[in-house]
>>> print(open('protein_20.cif').read())   # mmCIF, C-alpha atoms
data_structure
#
loop_
_atom_site.group_PDB
_atom_site.id
_atom_site.type_symbol
_atom_site.label_atom_id
_atom_site.label_comp_id
_atom_site.auth_asym_id
_atom_site.auth_seq_id
_atom_site.Cartn_x
_atom_site.Cartn_y
_atom_site.Cartn_z
ATOM 1 C CA MET A 1 73.013 84.109 78.438
ATOM 2 C CA ASN A 2 76.127 83.361 76.341
ATOM 3 C CA THR A 3 77.595 86.716 75.414
ATOM 4 C CA LEU A 4 81.054 88.156 75.571
ATOM 5 C CA SER A 5 82.233 88.710 79.093
ATOM 6 C CA TYR A 6 84.681 91.488 79.794
ATOM 7 C CA LYS A 7 86.496 90.905 83.032
ATOM 8 C CA THR A 8 88.942 93.238 84.629
ATOM 9 C CA ILE A 9 92.271 91.462 84.837
ATOM 10 C CA SER A 10 94.319 92.405 87.893
ATOM 11 C CA VAL A 11 98.013 91.675 87.938
ATOM 12 C CA ASN A 12 99.485 90.028 91.017
ATOM 13 C CA LYS A 13 103.072 89.662 92.169
ATOM 14 C CA GLU A 14 103.617 86.420 90.236
ATOM 15 C CA THR A 15 102.095 87.529 86.911
ATOM 16 C CA ALA A 16 103.706 90.986 86.786
ATOM 17 C CA LYS A 17 106.163 91.309 83.901
ATOM 18 C CA LYS A 18 108.998 93.337 85.381
ATOM 19 C CA GLU A 19 111.811 94.593 83.164
ATOM 20 C CA TRP A 20 115.184 96.186 83.840
ATOM 21 C CA VAL A 21 115.736 99.637 82.326
ATOM 22 C CA VAL A 22 118.740 101.968 82.286
ATOM 23 C CA ILE A 23 118.274 105.738 82.319
ATOM 24 C CA ASP A 24 121.060 108.196 81.545
ATOM 25 C CA ALA A 25 120.575 111.186 83.863
ATOM 26 C CA SER A 26 123.078 113.504 82.161
ATOM 27 C CA ASP A 27 121.769 117.097 82.026
ATOM 28 C CA GLN A 28 118.308 116.065 83.285
ATOM 29 C CA ILE A 29 116.371 118.269 85.714
ATOM 30 C CA VAL A 30 116.013 116.470 89.043
ATOM 31 C CA GLY A 31 112.264 116.862 89.579
ATOM 32 C CA ARG A 32 111.251 116.006 86.033
ATOM 33 C CA LEU A 33 113.548 112.992 85.949
ATOM 34 C CA CYS A 34 112.313 111.702 89.299
ATOM 35 C CA SER A 35 108.626 112.028 88.399
ATOM 36 C CA LYS A 36 109.184 109.833 85.340
ATOM 37 C CA VAL A 37 111.271 107.377 87.355
ATOM 38 C CA ALA A 38 108.502 107.164 89.973
ATOM 39 C CA LYS A 39 105.980 106.325 87.244
ATOM 40 C CA LEU A 40 108.308 103.636 85.871
ATOM 41 C CA LEU A 41 108.804 102.155 89.346
ATOM 42 C CA ARG A 42 105.056 102.161 89.917
ATOM 43 C CA GLY A 43 104.235 100.639 86.511
ATOM 44 C CA LYS A 44 101.932 103.428 85.367
ATOM 45 C CA TYR A 45 103.252 103.299 81.797
ATOM 46 C CA LYS A 46 102.061 99.688 81.436
ATOM 47 C CA PRO A 47 98.568 98.753 80.250
ATOM 48 C CA SER A 48 98.359 96.138 83.013
ATOM 49 C CA PHE A 49 98.828 98.693 85.825
ATOM 50 C CA THR A 50 97.321 97.609 89.126
ATOM 51 C CA PRO A 51 97.386 100.218 91.907
ATOM 52 C CA ASN A 52 97.948 97.869 94.848
ATOM 53 C CA VAL A 53 100.700 95.672 93.339
ATOM 54 C CA ASP A 54 104.372 96.196 92.530
ATOM 55 C CA CYS A 55 104.112 95.786 88.738
ATOM 56 C CA GLY A 56 106.693 98.414 87.767
ATOM 57 C CA ASP A 57 110.163 98.046 86.317
ATOM 58 C CA ASN A 58 113.545 97.887 87.997
ATOM 59 C CA VAL A 59 115.221 101.216 87.201
ATOM 60 C CA ILE A 60 118.974 101.829 86.996
ATOM 61 C CA ILE A 61 120.032 105.493 86.869
ATOM 62 C CA ILE A 62 123.545 106.130 85.560
ATOM 63 C CA ASN A 63 125.450 109.452 85.476
ATOM 64 C CA ALA A 64 123.443 110.635 88.482
ATOM 65 C CA ASP A 65 126.176 113.116 89.360
ATOM 66 C CA LYS A 66 125.350 115.089 86.192
ATOM 67 C CA VAL A 67 121.734 115.975 87.100
ATOM 68 C CA VAL A 68 120.892 119.659 87.386
ATOM 69 C CA PHE A 69 118.412 121.782 89.280
ATOM 70 C CA SER A 70 116.392 124.481 87.531
ATOM 71 C CA GLY A 71 116.612 128.066 88.693
ATOM 72 C CA LYS A 72 118.533 128.791 91.878
ATOM 73 C CA LYS A 73 117.512 125.592 93.676
ATOM 74 C CA GLU A 74 121.107 124.342 93.762
ATOM 75 C CA THR A 75 121.934 126.977 96.384
ATOM 76 C CA ASP A 76 118.513 128.012 97.767
ATOM 77 C CA LYS A 77 116.706 124.682 98.322
ATOM 78 C CA ILE A 78 117.117 123.281 101.834
ATOM 79 C CA TYR A 79 117.008 119.622 102.901
ATOM 80 C CA THR A 80 116.242 119.095 106.592
ATOM 81 C CA ARG A 81 117.201 116.036 108.611
ATOM 82 C CA TYR A 82 117.094 115.252 112.296
ATOM 83 C CA THR A 83 119.776 113.393 114.247
ATOM 84 C CA GLY A 84 117.399 112.260 116.981
ATOM 85 C CA TYR A 85 119.019 114.373 119.692
ATOM 86 C CA PRO A 86 117.743 117.658 121.141
ATOM 87 C CA GLY A 87 118.905 120.514 118.940
ATOM 88 C CA GLY A 88 119.912 117.996 116.297
ATOM 89 C CA GLN A 89 118.140 119.482 113.309
ATOM 90 C CA ARG A 90 120.575 119.779 110.377
ATOM 91 C CA PHE A 91 120.163 121.683 107.121
ATOM 92 C CA ASN A 92 121.897 121.145 103.774
ATOM 93 C CA THR A 93 121.634 122.575 100.286
ATOM 94 C CA PRO A 94 122.006 120.424 97.159
ATOM 95 C CA ALA A 95 125.383 122.066 96.492
ATOM 96 C CA GLU A 96 126.638 120.883 99.903
ATOM 97 C CA LEU A 97 125.204 117.385 99.433
ATOM 98 C CA ARG A 98 126.909 117.009 96.040
ATOM 99 C CA LYS A 99 130.298 117.304 97.724
ATOM 100 C CA ARG A 100 129.519 114.417 100.105
ATOM 101 C CA ASN A 101 130.016 110.772 99.329
ATOM 102 C CA GLY A 102 126.580 109.412 98.299
ATOM 103 C CA GLY A 103 124.993 112.849 98.469
ATOM 104 C CA ILE A 104 123.487 112.861 94.975
ATOM 105 C CA ASP A 105 122.031 109.420 95.730
ATOM 106 C CA LYS A 106 120.212 110.936 98.723
ATOM 107 C CA ILE A 107 118.909 113.844 96.615
ATOM 108 C CA ILE A 108 117.396 111.566 93.958
ATOM 109 C CA ARG A 109 116.025 109.037 96.457
ATOM 110 C CA HIS A 110 114.395 111.841 98.472
ATOM 111 C CA ALA A 111 112.682 113.206 95.358
ATOM 112 C CA VAL A 112 111.486 109.800 94.107
ATOM 113 C CA LYS A 113 110.293 108.707 97.553
ATOM 114 C CA GLY A 114 108.047 111.751 97.822
ATOM 115 C CA MET A 115 106.367 110.818 94.532
ATOM 116 C CA LEU A 116 105.588 107.207 95.490
ATOM 117 C CA PRO A 117 102.683 106.009 97.651
ATOM 118 C CA LYS A 118 103.189 106.170 101.387
ATOM 119 C CA GLY A 119 103.168 102.831 103.196
ATOM 120 C CA SER A 120 104.572 99.364 102.627
ATOM 121 C CA LEU A 121 104.049 99.427 98.832
ATOM 122 C CA GLY A 122 106.039 102.645 98.432
ATOM 123 C CA ARG A 123 108.834 101.339 100.642
ATOM 124 C CA SER A 124 109.093 98.127 98.639
ATOM 125 C CA LEU A 125 109.101 100.069 95.345
ATOM 126 C CA MET A 126 112.183 101.993 96.474
ATOM 127 C CA ASP A 127 114.100 98.694 96.516
ATOM 128 C CA ASN A 128 113.727 98.583 92.710
ATOM 129 C CA LEU A 129 115.739 101.810 92.229
ATOM 130 C CA PHE A 130 119.508 101.670 91.679
ATOM 131 C CA ILE A 131 121.534 104.888 91.378
ATOM 132 C CA TYR A 132 125.144 105.149 90.146
ATOM 133 C CA ASP A 133 127.335 108.237 89.750
ATOM 134 C CA GLY A 134 129.261 107.037 86.702
ATOM 135 C CA THR A 135 128.392 105.056 83.602
ATOM 136 C CA GLU A 136 129.266 101.661 85.135
ATOM 137 C CA HIS A 137 126.729 99.546 87.002
ATOM 138 C CA LYS A 138 126.716 95.984 88.312
ATOM 139 C CA HIS A 139 123.436 94.797 86.740
ATOM 140 C CA GLU A 140 124.707 93.638 83.340
ATOM 141 C CA ALA A 141 123.547 90.076 84.079
ATOM 142 C CA GLN A 142 119.905 91.255 84.017
ATOM 143 C CA LYS A 143 120.379 92.557 80.442
ATOM 144 C CA PRO A 144 118.756 95.953 81.055
ATOM 145 C CA LYS A 145 117.484 97.905 78.088
ATOM 146 C CA SER A 146 118.491 101.518 77.707
ATOM 147 C CA ILE A 147 115.586 103.947 77.332
ATOM 148 C CA ASP A 148 115.367 107.644 76.530
ATOM 149 C CA ILE A 149 113.556 109.214 79.468
ATOM 150 C CA ASN A 150 112.641 112.273 77.386
ATOM 151 C CA GLN A 151 110.140 110.247 75.328
ATOM 152 C CA TYR A 152 107.950 109.644 78.404
ATOM 153 C CA LYS A 153 105.434 112.164 79.685
#
>>> encode(input="protein_20.cif", output="C-alpha cells")
Amino acid sequence: MNTLSYKTISVNKETAKKEWVVIDASDQIVGRLCSKVAKLLRGKYKPSFTPNVDCGDNVIIINADKVVFSGKKETDKIYTRYTGYPGGQRFNTPAELRKRNGGIDKIIRHAVKGMLPKGSLGRSLMDNLFIYDGTEHKHEAQKPKSIDINQYK
C-alpha cells in the first residue's frame, strides 16, 4: 500500500540544533525566571523536543545579581545544606547568600536544578547554564542571541 507515511522523528545528540541565548535577569522574579530557563535548557519550546535527549539551548544569564524574590521570601525563605559532619546542618536566607561571593549563582542554580529531571540527563543539562552577576560574559565567540524572557510562557 503506497500511502503517506507519518513517522515520528526523534532528535538525537548529533541532530539536535542547539543555540546560545542571553537572558537579562534584571528585576525578574527568581522562580518565574528559573522555570522559563529550565524549559529553555530542556528544549521544550522547540517543535523537535525529545524527552530523553539534551536538545535544549545553552543559556547565559546576565545581571543575575538584580533578580528579586516576591513577597517576604528574601528574608523568610531558608536554604539548608549539610557539611557532612555530625551537627553540620547549616541554614541561610537569600539575603545572607546575596552577600557571599557566588551566592546568587547558588540561588539560581538551586531553583533551576529542582525544575529539571532527576538523573544523568538533568545533571548534564545543568552544564548548559552560565550565570554572571554583571553584564559581561565570556561567550561572545558563540554569537549568542539576546532574547526577552517575558515573551515565553
>>> resolve_selection(input="protein_20.cif", expression="the PyMOL selection byres ((chain A and resi 63) around 9)", output="PDB file with C-alpha atoms, in the frame of the given file")
ATOM      1  CA  ILE A  23     118.274 105.738  82.319  1.00  0.00           C
ATOM      2  CA  ASP A  24     121.060 108.196  81.545  1.00  0.00           C
ATOM      3  CA  ALA A  25     120.575 111.186  83.863  1.00  0.00           C
ATOM      4  CA  SER A  26     123.078 113.504  82.161  1.00  0.00           C
ATOM      5  CA  ILE A  61     120.032 105.493  86.869  1.00  0.00           C
ATOM      6  CA  ILE A  62     123.545 106.130  85.560  1.00  0.00           C
ATOM      7  CA  ALA A  64     123.443 110.635  88.482  1.00  0.00           C
ATOM      8  CA  ASP A  65     126.176 113.116  89.360  1.00  0.00           C
ATOM      9  CA  LYS A  66     125.350 115.089  86.192  1.00  0.00           C
ATOM     10  CA  VAL A  67     121.734 115.975  87.100  1.00  0.00           C
ATOM     11  CA  ILE A 131     121.534 104.888  91.378  1.00  0.00           C
ATOM     12  CA  TYR A 132     125.144 105.149  90.146  1.00  0.00           C
ATOM     13  CA  ASP A 133     127.335 108.237  89.750  1.00  0.00           C
ATOM     14  CA  GLY A 134     129.261 107.037  86.702  1.00  0.00           C
ATOM     15  CA  THR A 135     128.392 105.056  83.602  1.00  0.00           C
ATOM     16  CA  GLU A 136     129.266 101.661  85.135  1.00  0.00           C
TER      17      GLU A 136
END
>>> residues_around(input="protein_20.cif", residues="A:Lys18", least_positions_apart="2", cutoff="12 Å", atoms="all atoms listed in the file", output="list in words")
Val11, Asn12, Lys13, Glu14, Thr15, Ala16, Trp20, Val21, Leu40, Leu41, Arg42, Gly43, Lys46, Ser48, Phe49, Val53, Asp54, Cys55, Gly56, Asp57, Asn58, Val59, Asn128, Gln142 and Pro144 of chain A
>>> residues_around(input="protein_20.cif", residues="A:Arg98", least_positions_apart="6", cutoff="10 Å", atoms="all atoms listed in the file", output="MDAnalysis selection string")
chainID A and resid 65 74 104:107
>>> atom_distance(input="protein_20.cif", atom1="atom CA of A:Lys36", atom2="atom CA of A:Asn150")
9.0 Å
>>> resolve_selection(input="protein_20.cif", expression="the PyMOL selection byres ((chain A and resi 69) around 9)", output="list in words")
Gln28, Ile29, Val30, Gly31, Val67, Val68, Ser70, Gly71, Lys72, Lys73, Glu74 and Pro94 of chain A
>>> axis_aligned_box(input="protein_20.cif", around="stretch 49-60 of chain A", padding_each_side="3 Å", output="JSON")
{"center_x": 108.1, "center_y": 98.8, "center_z": 90.3, "size_x": 27.7, "size_y": 12.2, "size_z": 15.0}
>>> residues_around(input="protein_20.cif", residues="A:Val22", least_positions_apart="4", cutoff="6 Å", atoms="all atoms listed in the file", output="number ranges by chain")
A: 60-61, 145-146
>>> atom_distance(input="protein_20.cif", atom1="atom CA of A:Thr3", atom2="atom CA of A:Thr50")
26.4 Å
>>> closest_residue(input="protein_20.cif", among="A:Ala95, A:Ile147, A:Lys153, A:Arg90", to="A:Lys77", atoms="all atoms listed in the file")
A:Ala95
>>> residues_near_point(input="protein_20.cif", point="(109.4, 106.0, 92.4)", cutoff="10 Å", atoms="all atoms listed in the file", output="PyMOL selection string")
chain A and resi 34-43+56+59+108-117+122-123+125-129
>>> atom_distance(input="protein_20.cif", atom1="atom CA of A:Pro51", atom2="atom CA of A:Asp148")
24.8 Å
>>> closest_residue(input="protein_20.cif", among="A:Ser120, A:Leu33, A:Asp27, A:Thr93", to="A:Arg81", atoms="all atoms listed in the file")
A:Thr93
>>> build_atoms(input="protein_20.cif", residues="stretch 117-134 of chain A", atoms="N, CA, C and O atoms", output="CSV table (one decimal), in the coordinates of the input")
chain,number,residue,atom,x,y,z
A,117,PRO,N,103.7,106.1,96.6
A,117,PRO,CA,102.7,106.0,97.7
A,117,PRO,C,103.3,105.8,99.0
A,117,PRO,O,104.4,105.2,99.1
A,118,LYS,N,102.7,106.3,100.0
A,118,LYS,CA,103.2,106.2,101.4
A,118,LYS,C,102.7,104.8,101.9
A,118,LYS,O,101.6,104.4,101.7
A,119,GLY,N,103.5,104.1,102.6
A,119,GLY,CA,103.2,102.8,103.2
A,119,GLY,C,104.1,101.7,102.7
A,119,GLY,O,105.2,102.0,102.1
A,120,SER,N,103.7,100.5,102.9
A,120,SER,CA,104.6,99.4,102.6
A,120,SER,C,104.8,99.2,101.1
A,120,SER,O,105.9,98.8,100.7
A,121,LEU,N,103.8,99.5,100.3
A,121,LEU,CA,104.0,99.4,98.8
A,121,LEU,C,105.1,100.4,98.4
A,121,LEU,O,106.0,100.1,97.6
A,122,GLY,N,105.0,101.7,98.8
A,122,GLY,CA,106.0,102.6,98.4
A,122,GLY,C,107.4,102.3,98.9
A,122,GLY,O,108.4,102.5,98.2
A,123,ARG,N,107.5,101.7,100.1
A,123,ARG,CA,108.8,101.3,100.6
A,123,ARG,C,109.4,100.2,99.8
A,123,ARG,O,110.6,100.1,99.6
A,124,SER,N,108.6,99.3,99.4
A,124,SER,CA,109.1,98.1,98.6
A,124,SER,C,109.4,98.6,97.2
A,124,SER,O,110.3,98.0,96.6
A,125,LEU,N,108.8,99.6,96.7
A,125,LEU,CA,109.1,100.1,95.3
A,125,LEU,C,110.5,100.7,95.3
A,125,LEU,O,111.2,100.7,94.3
A,126,MET,N,110.9,101.3,96.4
A,126,MET,CA,112.2,102.0,96.5
A,126,MET,C,113.3,101.0,96.4
A,126,MET,O,114.4,101.4,96.0
A,127,ASP,N,113.1,99.7,96.7
A,127,ASP,CA,114.1,98.7,96.5
A,127,ASP,C,114.4,98.4,95.1
A,127,ASP,O,115.4,97.7,94.8
A,128,ASN,N,113.5,98.8,94.1
A,128,ASN,CA,113.7,98.6,92.7
A,128,ASN,C,114.5,99.7,92.0
A,128,ASN,O,114.6,99.7,90.8
A,129,LEU,N,115.0,100.7,92.8
A,129,LEU,CA,115.7,101.8,92.2
A,129,LEU,C,117.2,101.7,92.6
A,129,LEU,O,117.6,101.5,93.7
A,130,PHE,N,118.1,101.8,91.5
A,130,PHE,CA,119.5,101.7,91.7
A,130,PHE,C,120.1,102.9,91.1
A,130,PHE,O,119.9,103.2,89.9
A,131,ILE,N,121.0,103.6,91.8
A,131,ILE,CA,121.5,104.9,91.4
A,131,ILE,C,123.1,104.8,91.4
A,131,ILE,O,123.6,104.4,92.4
A,132,TYR,N,123.7,105.2,90.3
A,132,TYR,CA,125.1,105.1,90.1
A,132,TYR,C,125.6,106.5,89.6
A,132,TYR,O,125.0,107.1,88.7
A,133,ASP,N,126.8,107.0,90.2
A,133,ASP,CA,127.3,108.2,89.8
A,133,ASP,C,127.9,108.2,88.4
A,133,ASP,O,127.8,109.1,87.6
A,134,GLY,N,128.6,107.1,88.0
A,134,GLY,CA,129.3,107.0,86.7
A,134,GLY,C,128.4,106.3,85.7
A,134,GLY,O,127.2,106.0,85.9
